[in-house]
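S.K.: After the structure tokens below, expect a handful of questions from me.
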Amino acid sequence: MPQDKKKIPERKCVGCGNAFPKRELIRVVKTPEGRVELDTVGKKSGRGAYLCHSTECLNKARKAKRLERGLDISISQDIYDALEAELKKNGSQG
């Protein structure tokens with residue numbers, strides 16, 4: 001039986017906990033140098049955590065420090081501001 005369908009990788013949003021196709025999520029990465037950055041192309045090396053395009057999920061993740069726990073590093077306000085700007089640019093749902 002030939003396999004025509006390619007498996008689409010899924011990741012969980014740290015805000016809501018729902019699984020989405022990887023490309024639909026925003027990746028926040030802790031680089032090997034220890035910096036936290038937004039990974040808009042999904043190719044940067046390092047530990048990643050994912051958020052769906054919802055300000056509600058961002059707020060949940062921020063309040064419960066889920067990004068900090070997922071990346072094992074404290075996250076500056078600048079990163080949260082960049083995430084909020086990215087959500088506004090892409091027209092968030094929440």
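A note on labels: chains of the structure tokens are A, B, ... as shown, every chain counts residues from 1, and ligands are counted from 1 in their shown order.
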Determine, counting only C-alpha atoms, which protein, DNA and RNA residues have an atom within 12 Å of an atom of Glu86 in chain A; residues of the same chain fewer than 4 positions away are not included. Present the result as a PyMOL selection string.
M.R.: chain A and resi 25-28+38-40+51-55+58+79-82+90-92
S.K.: Kindly indicate which residue among A:Pro21, A:Gly70, A:Pro9, A:Gly15 lies nearest to Val36 in chain A, using only C-alpha atoms for the distances.
M.R.: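 Closest to Val36 in chain A of all the choices is A:Gly70.
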S.K.: Counting only C-alpha atoms, which of A:Val41, A:Val14, A:Leu87, A:Ala19 gets nearest to Leu67 in chain A?
M.R.: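 Among A:Val41, A:Val14, A:Leu87, A:Ala19, it is A:Val14 that comes nearest to Leu67 in chain A.
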S.K.: I'd like to know which of A:Glu84, A:Arg23, A:Asn18, A:Ser76 is closest to Asn59 in chain A, using only C-alpha atoms.
M.R.: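 Of the candidates, the smallest distance to Asn59 in chain A is held by A:Glu84.
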S.K.: As a short mmCIF file (atom, residue, chain, number, x, y, z; two decimals) with C-alpha atoms, in the first residue's frame, please: all residues of range 10-93 of chain A that backbone DSSP puts in strand (DSSP E).
M.R.:
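The new file part-v5.cif reads:
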data_model
loop_
_atom_site.label_atom_id
_atom_site.label_comp_id
_atom_site.auth_asym_id
_atom_site.auth_seq_id
_atom_site.Cartn_x
_atom_site.Cartn_y
_atom_site.Cartn_z
CA GLU A 10 2.33 18.57 15.22
CA ARG A 11 3.31 20.51 18.31
CA LYS A 12 1.38 21.56 21.42
CA ALA A 19 -1.93 20.20 19.15
CA PHE A 20 -1.58 22.03 15.84
CA PRO A 21 0.47 21.50 12.69
CA ILE A 26 4.82 30.62 16.61
CA ARG A 27 8.11 29.15 17.82
CA VAL A 28 10.05 30.70 20.67
CA VAL A 29 13.58 29.31 20.87
CA LYS A 30 16.34 29.29 23.45
CA VAL A 36 15.53 33.71 23.79
CA GLU A 37 14.30 34.69 20.33
CA LEU A 38 11.25 34.40 18.10
CA ASP A 39 11.86 31.86 15.36
CA ARG A 47 15.15 24.35 22.43
CA GLY A 48 11.75 25.46 21.17
CA ALA A 49 8.34 26.14 22.68
CA TYR A 50 5.24 26.82 20.59
CA LEU A 51 2.27 29.19 20.83
#
